[in-house]
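Have a look at model_1.txt below; it lists compact mmCIF, C-alpha atoms and all ligand atoms.
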```txt
# COMPACT_ATOMS: atom_id res chain seq x y z
CA MET A 1 11.78 5.62 -4.78
CA VAL A 2 12.49 1.89 -4.42
CA LYS A 3 16.05 1.02 -3.45
CA ASP A 4 17.82 -2.24 -4.30
CA GLY A 5 16.90 -5.13 -2.04
CA GLU A 6 13.72 -3.64 -0.59
CA VAL A 7 10.96 -5.86 0.75
CA ILE A 8 7.62 -4.47 -0.46
CA ILE A 9 4.03 -5.36 0.40
CA ASP A 10 1.18 -4.23 -1.86
CA MET A 11 -1.92 -4.72 0.32
CA PHE A 12 -4.57 -4.08 -2.37
CA ALA A 13 -2.68 -5.15 -5.44
CA GLY A 14 -5.31 -6.15 -8.02
CA VAL A 15 -3.38 -7.58 -10.98
CA ALA A 16 -0.14 -6.09 -9.57
CA PRO A 17 0.44 -2.98 -11.73
CA PHE A 18 2.60 -1.40 -9.00
CA GLY A 19 4.59 -4.59 -8.39
CA LEU A 20 5.26 -5.10 -12.10
CA VAL A 21 6.50 -1.54 -12.67
CA ILE A 22 8.62 -1.68 -9.50
CA CYS A 23 10.22 -4.99 -10.55
CA LYS A 24 10.86 -3.77 -14.11
CA ARG A 25 12.30 -0.38 -13.12
CA ALA A 26 13.95 -1.02 -9.74
CA GLY A 27 15.61 -3.86 -7.90
CA PRO A 28 13.42 -4.96 -4.98
CA LYS A 29 14.20 -8.22 -3.22
CA ILE A 30 10.54 -9.25 -3.27
CA VAL A 31 7.05 -7.79 -3.70
CA TYR A 32 4.21 -9.50 -1.82
CA SER A 33 1.06 -8.81 -3.84
CA ILE A 34 -2.15 -9.32 -1.83
CA ASP A 35 -5.73 -9.15 -3.12
CA ILE A 36 -8.98 -10.46 -1.71
CA ASN A 37 -10.36 -11.24 -5.20
CA PRO A 38 -9.42 -14.86 -6.02
CA ASP A 39 -9.42 -14.02 -9.76
CA ALA A 40 -6.57 -11.56 -9.27
CA GLU A 41 -3.90 -14.17 -8.50
CA GLY A 42 -4.13 -15.90 -11.91
CA PHE A 43 -3.84 -12.54 -13.68
CA VAL A 44 -0.83 -11.60 -11.54
CA ARG A 45 0.87 -14.85 -12.58
CA MET A 46 0.00 -14.17 -16.24
CA ASN A 47 1.36 -10.62 -15.95
CA MET A 48 4.57 -11.94 -14.38
CA GLN A 49 5.09 -14.28 -17.36
CA LEU A 50 4.26 -11.63 -19.97
CA ASN A 51 6.63 -9.15 -18.30
CA ARG A 52 9.32 -11.72 -17.39
CA VAL A 53 9.16 -10.79 -13.70
CA GLU A 54 9.94 -13.39 -11.04
CA ASN A 55 10.09 -11.68 -7.66
CA ILE A 56 6.37 -11.05 -7.07
CA VAL A 57 4.57 -13.39 -4.64
CA PRO A 58 0.79 -13.33 -5.29
CA ILE A 59 -1.34 -13.91 -2.18
CA THR A 60 -5.14 -14.30 -2.11
CA GLY A 61 -6.99 -13.11 0.99
CA ASP A 62 -7.88 -10.21 3.28
CA SER A 63 -4.70 -8.20 3.61
CA ALA A 64 -5.46 -7.35 7.25
CA GLU A 65 -5.01 -11.06 7.98
CA MET A 66 -2.55 -12.17 5.29
CA ILE A 67 -0.04 -9.45 6.22
CA ARG A 68 0.47 -11.10 9.63
CA GLU A 69 2.28 -14.02 7.93
CA LEU A 70 4.73 -11.74 6.10
CA PRO A 71 8.15 -10.35 7.09
CA ASP A 72 8.59 -6.67 7.92
CA ALA A 73 8.68 -4.46 4.82
CA ASP A 74 10.64 -1.39 3.75
CA ARG A 75 7.62 -0.11 1.86
CA ILE A 76 3.89 -0.83 1.92
CA ILE A 77 1.49 0.27 -0.81
CA MET A 78 -2.18 0.82 0.11
CA ASN A 79 -4.19 1.59 -3.02
CA LEU A 80 -7.71 1.33 -1.59
CA PRO A 81 -8.74 4.99 -1.75
CA GLN A 82 -12.11 4.74 0.04
CA THR A 83 -11.03 2.87 3.17
CA ALA A 84 -7.23 2.46 3.27
CA ASP A 85 -6.98 4.39 6.56
CA LYS A 86 -8.85 1.58 8.34
CA PHE A 87 -5.91 -0.74 7.54
CA LEU A 88 -3.16 1.64 8.70
CA CYS A 89 -2.29 -0.16 11.95
CA ALA A 90 -2.18 -3.53 10.16
CA ALA A 91 0.24 -1.96 7.66
CA LEU A 92 2.39 -0.32 10.35
CA SER A 93 2.62 -3.65 12.22
CA ARG A 94 4.64 -4.96 9.24
CA THR A 95 6.58 -1.75 8.40
CA LYS A 96 10.23 -1.55 9.45
CA ILE A 97 11.20 1.44 11.59
CA GLY A 98 12.14 4.01 8.95
CA GLY A 99 9.98 2.26 6.36
CA VAL A 100 7.25 4.04 4.41
CA VAL A 101 3.54 3.40 3.85
CA HIS A 102 2.10 4.92 0.66
CA MET A 103 -1.61 5.37 1.44
CA HIS A 104 -4.00 6.35 -1.35
CA LYS A 105 -7.04 8.11 0.08
CA VAL A 106 -10.04 10.06 -1.16
CA ILE A 107 -10.18 13.27 0.88
CA GLU A 108 -12.26 16.46 0.89
CA ARG A 109 -9.74 18.99 -0.42
CA ALA A 110 -10.56 21.35 2.48
CA GLU A 111 -9.98 18.61 5.07
CA THR A 112 -6.50 17.21 4.40
CA ASP A 113 -5.07 18.63 7.66
CA GLY A 114 -7.87 17.01 9.68
CA LEU A 115 -7.22 13.62 8.08
CA ILE A 116 -3.49 13.84 8.82
CA GLU A 117 -4.24 14.52 12.51
CA LYS A 118 -6.69 11.59 12.60
CA ILE A 119 -4.14 9.24 11.00
CA LYS A 120 -1.48 10.29 13.55
CA LYS A 121 -3.96 9.72 16.39
CA ASP A 122 -4.99 6.29 15.03
CA ALA A 123 -1.32 5.29 14.71
CA ARG A 124 -0.57 6.48 18.28
CA SER A 125 -3.46 4.45 19.68
CA GLY A 126 -2.06 1.39 17.88
CA GLY A 127 1.34 2.01 19.54
CA PHE A 128 3.10 3.46 16.45
CA GLY A 129 4.85 6.79 16.00
CA ILE A 130 4.63 8.17 12.47
CA SER A 131 5.44 11.25 10.43
CA VAL A 132 3.49 12.22 7.32
CA ASN A 133 6.24 13.22 4.92
CA SER A 134 4.13 14.27 1.95
CA VAL A 135 0.53 14.58 0.81
CA THR A 136 0.28 14.62 -3.00
CA GLU A 137 -2.92 15.18 -4.97
CA LEU A 138 -3.15 12.53 -7.72
CA LYS A 139 -6.48 13.31 -9.39
CA THR A 140 -9.85 14.91 -8.78
CA TYR A 141 -12.66 12.64 -7.59
CA SER A 142 -15.67 14.98 -7.23
CA PRO A 143 -16.23 18.75 -7.20
CA THR A 144 -14.89 18.91 -3.63
CA MET A 145 -12.78 15.72 -3.24
CA SER A 146 -9.51 14.41 -4.69
CA VAL A 147 -7.50 11.20 -4.47
CA TYR A 148 -4.26 11.84 -2.58
CA VAL A 149 -1.25 9.70 -1.75
CA LEU A 150 0.14 10.17 1.76
CA ASP A 151 3.73 9.04 2.37
CA ILE A 152 3.75 7.92 6.00
CA ARG A 153 7.07 7.04 7.69
CA ARG A 154 7.12 4.73 10.66
CA GLU A 155 9.29 6.43 13.32
CA THR A 156 8.71 4.18 16.36
C1 LIG B 1 -8.64 0.34 -6.12
S1 LIG B 1 -8.29 -1.38 -6.50
C2 LIG B 1 -6.54 -1.21 -6.80
C3 LIG B 1 -5.95 -2.33 -7.57
C4 LIG B 1 -4.52 -2.06 -8.08
N1 LIG B 1 -3.65 -1.55 -7.04
C5 LIG B 1 -4.55 -1.12 -9.27
O1 LIG B 1 -4.00 -0.01 -9.19
O2 LIG B 1 -5.09 -1.51 -10.31
C6 LIG B 1 -8.40 -2.09 -4.88
C7 LIG B 1 -8.19 -3.60 -4.83
O3 LIG B 1 -8.22 -3.97 -3.44
C8 LIG B 1 -8.83 -5.24 -3.33
N2 LIG B 1 -9.29 -5.36 -1.92
C9 LIG B 1 -10.35 -4.75 -1.32
N3 LIG B 1 -10.40 -5.05 -0.01
C10 LIG B 1 -9.34 -5.86 0.24
C11 LIG B 1 -8.83 -6.51 1.40
N4 LIG B 1 -9.45 -6.39 2.61
N5 LIG B 1 -7.71 -7.27 1.31
C12 LIG B 1 -7.09 -7.41 0.11
N6 LIG B 1 -7.52 -6.83 -1.04
C13 LIG B 1 -8.62 -6.07 -0.98
C14 LIG B 1 -9.90 -5.25 -4.40
O4 LIG B 1 -10.23 -6.57 -4.79
C15 LIG B 1 -9.22 -4.45 -5.55
O5 LIG B 1 -8.57 -5.29 -6.46
```
Will you turn the file into structure tokens for me?
Ligand SMILES: C[S@@+](CC[C@H](N)C(=O)[O-])C[C@H]1O[C@@H](n2cnc3c(N)ncnc32)[C@H](O)[C@@H]1O
Amino acid sequence: MVKDGEVIIDMFAGVAPFGLVICKRAGPKIVYSIDINPDAEGFVRMNMQLNRVENIVPITGDSAEMIRELPDADRIIMNLPQTADKFLCAALSRTKIGGVVHMHKVIERAETDGLIEKIKKDARSGGFGISVNSVTELKTYSPTMSVYVLDIRRET
């Protein structure tokens, strides 16, 4: 999905598996790779060397705060499946109009529509207009729940 020159923020990046694959297979301008675990940054740097990738910027800290220092992004990745929705407004505050947030979320399979409505309401109360362009089931999580990725476009 990533187009040449995109600015990307990975809010819960771990050792940057998404950033590495994106930099190897596409041509982003830069990937900001945030994780609250201070051990992650050293492994990101090691991964960058091993994979000969230069345009990842590792950042240690709470992404809700660290994201405020960053420029607006074309694409934001939120791979924190239990609680990513709580960070949606922080993500949208740094998403360009027309940009996309990829939110990973554990959802009861019978309740996906309800979650989409809640996300739209949360975004509206933060002053953002969004559309949910796709909801894709990635894997099962329990007998009744799955991990989904929601592609959320910032409209206003
Ligand atoms: C589910 S892991 C995903 C890691 C990576 N994206 C992957 O696929 O391997 C979630 C990561 O989010 C980090 N994390 C949790 N809360 C955070 C926060 N408030 N700010 C930044 N990182 C956070 C954790 O340390 C963990 O590495």
Worksheet entry | Point-to-point distance in Å for atom O2 of ligand LIG 1 (chain B) and atom CA of A:Asp35 | 10.5 Å
Discussion item. From the options A:Val15, A:Ser63, A:Ile56, A:Asn47, which residue's atoms come nearest to A:Ile34, counting all atoms listed in the file?
Written reply: A:Ser63
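With only C-alpha atoms and all ligand atoms counted, the chains near ligand LIG 1 (chain B) contribute these residues within 6 Å: Met11, Phe12, Ala13, Gly14, Pro17, Ile34, Asp35, Ile36, Asn37, Gly61, Asp62, Ser63, Asn79 and Leu80 of chain A.
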Around the point (1.5, 11.4, 3.4), in the coordinates given by the file, pick out the residues reaching within 6 Å, counting all atoms listed in the file, and return them as a JSON list (two decimals) with C-alpha atoms, in the coordinates of the input.
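Wrote it out as part-v8.json, contents follow:
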```
[["chain", "number", "residue", "atom", "x", "y", "z"],
["A", 132, "VAL", "CA", 3.49, 12.22, 7.32],
["A", 133, "ASN", "CA", 6.24, 13.22, 4.92],
["A", 134, "SER", "CA", 4.13, 14.27, 1.95],
["A", 135, "VAL", "CA", 0.53, 14.58, 0.81],
["A", 150, "LEU", "CA", 0.14, 10.17, 1.76],
["A", 151, "ASP", "CA", 3.73, 9.04, 2.37],
["A", 152, "ILE", "CA", 3.75, 7.92, 6.00]]
```
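Take atom CA of A:Ile116 and atom CA of A:Pro28: the distance between them is 28.8 Å.
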Discussion item. Would you pick out the contacts of A:Glu108 at 8 Å or less, using all atoms listed in the file, so that residues sharing its chain but fewer than 4 positions from it are not included, and give the list as number ranges by chain?
Written reply: A: 112, 144-146
Produce a file of the selected residues containing C-alpha atoms, as a short mmCIF file (atom, residue, chain, number, x, y, z; two decimals), in the coordinates of the input.
```
data_model
loop_
_atom_site.label_atom_id
_atom_site.label_comp_id
_atom_site.auth_asym_id
_atom_site.auth_seq_id
_atom_site.Cartn_x
_atom_site.Cartn_y
_atom_site.Cartn_z
CA THR A 112 -6.50 17.21 4.40
CA THR A 144 -14.89 18.91 -3.63
CA MET A 145 -12.78 15.72 -3.24
CA SER A 146 -9.51 14.41 -4.69
#
```
